[in-house]
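The block underneath contains the structure these notes are about, expressed in structure tokens.
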Amino acid sequence: DRLQKKAREVMKTVNTAYERANRKLELQRQELADARNREEIRKKADIITANLYRMEKGMSRIRAQDFFSPDGGEIEIPLDISLTPQQNAAVLYKKYNRMKNAEMYLTEQISRGECEVEYLDSVKESLERAETVSDIDEIREELAETGYIKKASRSRKKEHAVNPFEFKSSDGYRIYAGRNNRQNELLTLKIAFKEDMWLHAQKIPGSHVIIECAGKEPPPRTVTEAAVIAAYFSRARESRKVPVDFTKVRFVKKIPGGKPGAVSYTNQKTAFADPDEALVERLRVSRT
């Protein structure tokens with residue numbers, strides 16, 4: 001009951017941040033779409049400029065030849081009656097330049113927003129498979145470090161720390177899986193050796209999985225079992241034929257400035273695995 005209560009409290013905070021980030025992202029995408037239509041504004045400014053000799057202050061609109069149109073038709077452009085024709089054109093040119101600058105800014109902001117949504121989705125996935133109160137506490141600490149919740153007071157009692165999930169393959173190889181983003185990052189970038197094998201469900205939140213290779217190439221059966229573990233500890237737990245990428249740890253890099261657990265990787269191959277709870281539990285070494 002205590003585990004479920006704490007999980008619900010943290011999940012509420014994460015869901016609020018997730019929904020807010022998605023709303024912001026949707027607005028930015030709409031603004032970007034509008035900014036990409038700026039050429040129409042520049043065209044109208046050019047047409048006004050080309051017809052200044054026909055215009056005078058106080059006109060509410062002008063109908064002129066659209067020399068940008070392939071069929072050479074006419075276009076009607078609304079005007080601000082309080083401005084001169086030159087000022088009307090200047091306002092449109094200014095709006096065009098502002099939207100041009102906005103496109104570069106929005107493209108960068110959208111990229112950051114997509115990373116935030118992806119990160120928060122990974123936190124939700126970690127919360128959904130939390131097994132102990134200590135799992136929740138670790139996720140709370142991660143959220144405090146990334147600024148989503150307030151840091152706990154020092155007087156607050158801390159539960160025992162937990163290790164990554166540990167397994168032993170049918171061939172005797174040790175396999176580890178991170179319980180949350182902080183563990184994922186620590187496991188992949190600090191603990192694993194460069195020649196160990198790294199696995200992760202493709203393009204969805206989930207655990208970083210490490211095969212401890214001891215300088216040897218793991219046999220296919222071990223790689224298959226590790227892929228099943230990666231598929232099981234992912235958002236696609238209820239799916240089948242989950243694509244799982246695998247590569248050497250030395251080809252996995254932290255994304256500069258990225259959220260905990262955010263990495264890029266190269267030289268990967270892809271296996272397709274069915275999440276199998278019975279196999280995962282059979283290979284599991286300990287729950288502590």
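Letters A, B, ... mark the chains of the structure tokens in the order given; residue numbers begin at 1 per chain; ligand numbers begin at 1, in order shown.
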Worksheet entry | Neighbour list for segment 36-46 of chain A as a ChimeraX atom specification, cut-off 6 Å, only C-alpha atoms, skip fewer than 4 positions in-chain | /A:89,92,96
Practice prompt. Could you find all residues in segment 207-243 of chain A that DSSP calls alpha helix (DSSP H) from the backbone, and write them as a list in words?
Written response: Pro220, Arg221, Thr222, Val223, Thr224, Glu225, Ala226, Ala227, Val228, Ile229, Ala230, Ala231 and Tyr232 of chain A
Save the residues we just selected, C-alpha atoms, as a PDB file, in the first residue's frame?
```pdb
ATOM      1  CA  PRO A 220      23.729 -16.045 -29.588  1.00  0.00           C
ATOM      2  CA  ARG A 221      21.541 -17.622 -26.892  1.00  0.00           C
ATOM      3  CA  THR A 222      22.773 -15.114 -24.309  1.00  0.00           C
ATOM      4  CA  VAL A 223      22.181 -12.182 -26.685  1.00  0.00           C
ATOM      5  CA  THR A 224      18.671 -13.492 -27.357  1.00  0.00           C
ATOM      6  CA  GLU A 225      17.931 -13.781 -23.631  1.00  0.00           C
ATOM      7  CA  ALA A 226      19.278 -10.270 -23.014  1.00  0.00           C
ATOM      8  CA  ALA A 227      17.071  -8.969 -25.834  1.00  0.00           C
ATOM      9  CA  VAL A 228      14.047 -10.603 -24.165  1.00  0.00           C
ATOM     10  CA  ILE A 229      14.987  -8.835 -20.919  1.00  0.00           C
ATOM     11  CA  ALA A 230      15.336  -5.489 -22.738  1.00  0.00           C
ATOM     12  CA  ALA A 231      11.941  -5.986 -24.388  1.00  0.00           C
ATOM     13  CA  TYR A 232      10.325  -6.995 -21.110  1.00  0.00           C
TER      14      TYR A 232
END
```
Fill in: Sel. of strand (DSSP E) residues, segment 49-201 of chain A, as a VMD selection string
chain A and resid 61 to 65 74 to 78 165 to 168 174 to 177 197 to 201
Item to complete: Would you mind listing what lies within 9 Å of Val242 of chain A as a ChimeraX atom specification, with only C-alpha atoms counted and same-chain residues fewer than 4 positions away left out?
Response: /A:201-202,227-228,231,236-237,271-275
Keeping only N, CA, C and O atoms, write the selected residues to a file as a PDB file, in the first residue's frame.
```pdb
ATOM      1  N   ALA A 201      15.470  -1.506 -26.056  1.00  0.00           N
ATOM      2  CA  ALA A 201      14.324  -1.554 -26.969  1.00  0.00           C
ATOM      3  C   ALA A 201      14.369  -0.336 -27.877  1.00  0.00           C
ATOM      4  O   ALA A 201      14.615   0.780 -27.429  1.00  0.00           O
ATOM      5  N   GLN A 202      14.136  -0.541 -29.153  1.00  0.00           N
ATOM      6  CA  GLN A 202      14.339   0.504 -30.155  1.00  0.00           C
ATOM      7  C   GLN A 202      13.281   1.606 -30.065  1.00  0.00           C
ATOM      8  O   GLN A 202      12.086   1.344 -30.163  1.00  0.00           O
ATOM      9  N   ALA A 227      18.042  -9.726 -25.036  1.00  0.00           N
ATOM     10  CA  ALA A 227      17.071  -8.969 -25.834  1.00  0.00           C
ATOM     11  C   ALA A 227      15.660  -9.154 -25.264  1.00  0.00           C
ATOM     12  O   ALA A 227      14.862  -8.202 -25.237  1.00  0.00           O
ATOM     13  N   VAL A 228      15.347 -10.355 -24.803  1.00  0.00           N
ATOM     14  CA  VAL A 228      14.047 -10.603 -24.165  1.00  0.00           C
ATOM     15  C   VAL A 228      13.921  -9.744 -22.906  1.00  0.00           C
ATOM     16  O   VAL A 228      12.865  -9.143 -22.645  1.00  0.00           O
ATOM     17  N   ALA A 231      13.320  -6.154 -23.908  1.00  0.00           N
ATOM     18  CA  ALA A 231      11.941  -5.986 -24.388  1.00  0.00           C
ATOM     19  C   ALA A 231      10.959  -5.999 -23.215  1.00  0.00           C
ATOM     20  O   ALA A 231       9.994  -5.221 -23.187  1.00  0.00           O
ATOM     21  N   ALA A 236       7.155  -1.670 -24.312  1.00  0.00           N
ATOM     22  CA  ALA A 236       6.526  -2.665 -25.183  1.00  0.00           C
ATOM     23  C   ALA A 236       6.365  -4.020 -24.504  1.00  0.00           C
ATOM     24  O   ALA A 236       6.298  -5.049 -25.167  1.00  0.00           O
ATOM     25  N   ARG A 237       6.291  -4.016 -23.180  1.00  0.00           N
ATOM     26  CA  ARG A 237       6.212  -5.271 -22.427  1.00  0.00           C
ATOM     27  C   ARG A 237       5.056  -6.158 -22.879  1.00  0.00           C
ATOM     28  O   ARG A 237       5.160  -7.387 -22.868  1.00  0.00           O
ATOM     29  N   ALA A 271      17.699  -7.101 -33.011  1.00  0.00           N
ATOM     30  CA  ALA A 271      17.052  -8.402 -32.815  1.00  0.00           C
ATOM     31  C   ALA A 271      15.579  -8.153 -32.514  1.00  0.00           C
ATOM     32  O   ALA A 271      15.203  -7.075 -32.067  1.00  0.00           O
ATOM     33  N   PHE A 272      14.745  -9.153 -32.762  1.00  0.00           N
ATOM     34  CA  PHE A 272      13.321  -9.046 -32.462  1.00  0.00           C
ATOM     35  C   PHE A 272      12.990 -10.063 -31.376  1.00  0.00           C
ATOM     36  O   PHE A 272      13.232 -11.265 -31.550  1.00  0.00           O
ATOM     37  N   ALA A 273      12.475  -9.551 -30.251  1.00  0.00           N
ATOM     38  CA  ALA A 273      12.273 -10.408 -29.081  1.00  0.00           C
ATOM     39  C   ALA A 273      10.840 -10.312 -28.568  1.00  0.00           C
ATOM     40  O   ALA A 273      10.228  -9.239 -28.602  1.00  0.00           O
ATOM     41  N   ASP A 274      10.336 -11.429 -28.082  1.00  0.00           N
ATOM     42  CA  ASP A 274       9.034 -11.459 -27.420  1.00  0.00           C
ATOM     43  C   ASP A 274       9.259 -11.343 -25.916  1.00  0.00           C
ATOM     44  O   ASP A 274       9.962 -12.180 -25.321  1.00  0.00           O
ATOM     45  N   PRO A 275       8.700 -10.324 -25.251  1.00  0.00           N
ATOM     46  CA  PRO A 275       8.820 -10.242 -23.792  1.00  0.00           C
ATOM     47  C   PRO A 275       8.264 -11.508 -23.145  1.00  0.00           C
ATOM     48  O   PRO A 275       7.144 -11.924 -23.459  1.00  0.00           O
TER      49      PRO A 275
END
```
Worksheet item: If you measure from atom CA of Leu120 of chain A to atom CA of Gln4 of chain A, what distance in Å do you get, rounded to one decimal?
Response: 19.1 Å
Discussion item. Using only C-alpha atoms, can you tell me which of A:Asn15, A:Gln86, A:Ser111, A:Asn180 comes closest to Ile136 of chain A?
Written reply: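 For Ile136 of chain A, the nearest of the candidates is A:Asn180.
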Worksheet entry | Close residues, Glu31 of chain A itself excluded, 9 Å, only C-alpha atoms, min 5 positions apart in chain, as a list in words |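 With the cut-off at 9 Å, the set is Glu26, Arg36, Ala102, Glu103 and Leu106 of chain A.
Closest approach to Glu141 of chain A among A:Cys115, A:Ile204, A:Leu3, A:Val123 is made by A:Val123 (distances from only C-alpha atoms).
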Discussion item. Using Å and a single decimal, report how far atom CA of Gln30 of chain A sits from atom CA of Ile75 of chain A.
Written reply: 25.8 Å
Discussion item. Need the shell around Arg282 of chain A: protein/DNA/RNA residues with any atom at most 10 Å away, counting only C-alpha atoms. Skip same-chain ones fewer than 4 positions apart. Format as a list in words?
Written reply: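 Surrounding residues, per the criterion: Phe167, Lys168, Ser169, Ser170, Glu277 and Ala278 of chain A.
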Output of the above residues as a compact mmCIF listing (two decimals), in the first residue's frame, restricted to N, CA, C and O atoms:
```txt
# COMPACT_ATOMS: atom_id res chain seq x y z
N PHE A 167 20.71 -10.71 -13.71
CA PHE A 167 20.30 -11.99 -14.30
C PHE A 167 21.55 -12.82 -14.63
O PHE A 167 22.66 -12.29 -14.72
N LYS A 168 21.33 -14.10 -14.84
CA LYS A 168 22.40 -14.98 -15.29
C LYS A 168 21.88 -15.78 -16.47
O LYS A 168 20.87 -16.50 -16.35
N SER A 169 22.52 -15.61 -17.63
CA SER A 169 22.03 -16.26 -18.84
C SER A 169 22.22 -17.78 -18.76
O SER A 169 22.95 -18.29 -17.90
N SER A 170 21.59 -18.48 -19.67
CA SER A 170 21.72 -19.95 -19.70
C SER A 170 23.16 -20.38 -19.97
O SER A 170 23.54 -21.51 -19.65
N GLU A 277 7.88 -13.12 -19.43
CA GLU A 277 8.04 -12.97 -17.98
C GLU A 277 8.61 -14.23 -17.35
O GLU A 277 9.45 -14.16 -16.44
N ALA A 278 8.18 -15.38 -17.80
CA ALA A 278 8.66 -16.64 -17.22
C ALA A 278 10.16 -16.78 -17.41
O ALA A 278 10.89 -17.17 -16.49
```
Worksheet item: Which neighbours of Lys259 of chain A fall inside 9 Å, counting only C-alpha atoms, when residues of the same chain fewer than 5 positions from it are skipped, and could you give them as a list in words?
Response: Cys115, Glu116, Tyr119, Thr146 and Asn181 of chain A
Would you put the residues from that selection into a file with all heavy atoms, as a short mmCIF file (atom, residue, chain, number, x, y, z; two decimals), in the first residue's frame?
```
data_model
loop_
_atom_site.label_atom_id
_atom_site.label_comp_id
_atom_site.auth_asym_id
_atom_site.auth_seq_id
_atom_site.Cartn_x
_atom_site.Cartn_y
_atom_site.Cartn_z
N CYS A 115 12.64 16.03 -26.56
CA CYS A 115 13.52 15.31 -25.63
C CYS A 115 12.91 15.27 -24.23
O CYS A 115 12.99 14.25 -23.54
CB CYS A 115 14.90 15.98 -25.58
SG CYS A 115 15.88 15.77 -27.07
N GLU A 116 12.27 16.37 -23.83
CA GLU A 116 11.64 16.42 -22.51
C GLU A 116 10.48 15.43 -22.43
O GLU A 116 10.33 14.70 -21.45
CB GLU A 116 11.16 17.83 -22.19
CG GLU A 116 10.52 17.93 -20.80
CD GLU A 116 10.04 19.32 -20.46
OE1 GLU A 116 9.92 20.15 -21.37
OE2 GLU A 116 9.78 19.56 -19.26
N TYR A 119 11.81 11.99 -22.22
CA TYR A 119 12.37 11.73 -20.89
C TYR A 119 11.26 11.44 -19.87
O TYR A 119 11.32 10.45 -19.13
CB TYR A 119 13.20 12.91 -20.42
CG TYR A 119 13.55 12.86 -18.95
CD1 TYR A 119 14.46 11.93 -18.46
CD2 TYR A 119 12.94 13.73 -18.03
CE1 TYR A 119 14.76 11.85 -17.11
CE2 TYR A 119 13.24 13.66 -16.68
CZ TYR A 119 14.15 12.72 -16.23
OH TYR A 119 14.44 12.65 -14.89
N THR A 146 16.51 16.99 -11.69
CA THR A 146 16.15 17.59 -12.99
C THR A 146 15.14 18.73 -12.85
O THR A 146 14.69 19.28 -13.85
CB THR A 146 15.58 16.51 -13.93
OG1 THR A 146 14.56 15.76 -13.26
CG2 THR A 146 16.69 15.56 -14.38
N ASN A 181 16.25 5.88 -14.98
CA ASN A 181 17.19 6.59 -15.85
C ASN A 181 18.55 6.80 -15.21
O ASN A 181 19.57 6.72 -15.89
CB ASN A 181 16.58 7.94 -16.25
CG ASN A 181 15.42 7.79 -17.21
OD1 ASN A 181 15.52 7.12 -18.22
ND2 ASN A 181 14.29 8.38 -16.88
#
```
Item to complete: Select, from A:Val280, A:Met11, A:Gly206, A:Cys213, the residue with the minimum atom-to-atom distance to Val244 of chain A, counting only C-alpha atoms.
Response: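 So, comparing all the options, the nearest one is A:Gly206.
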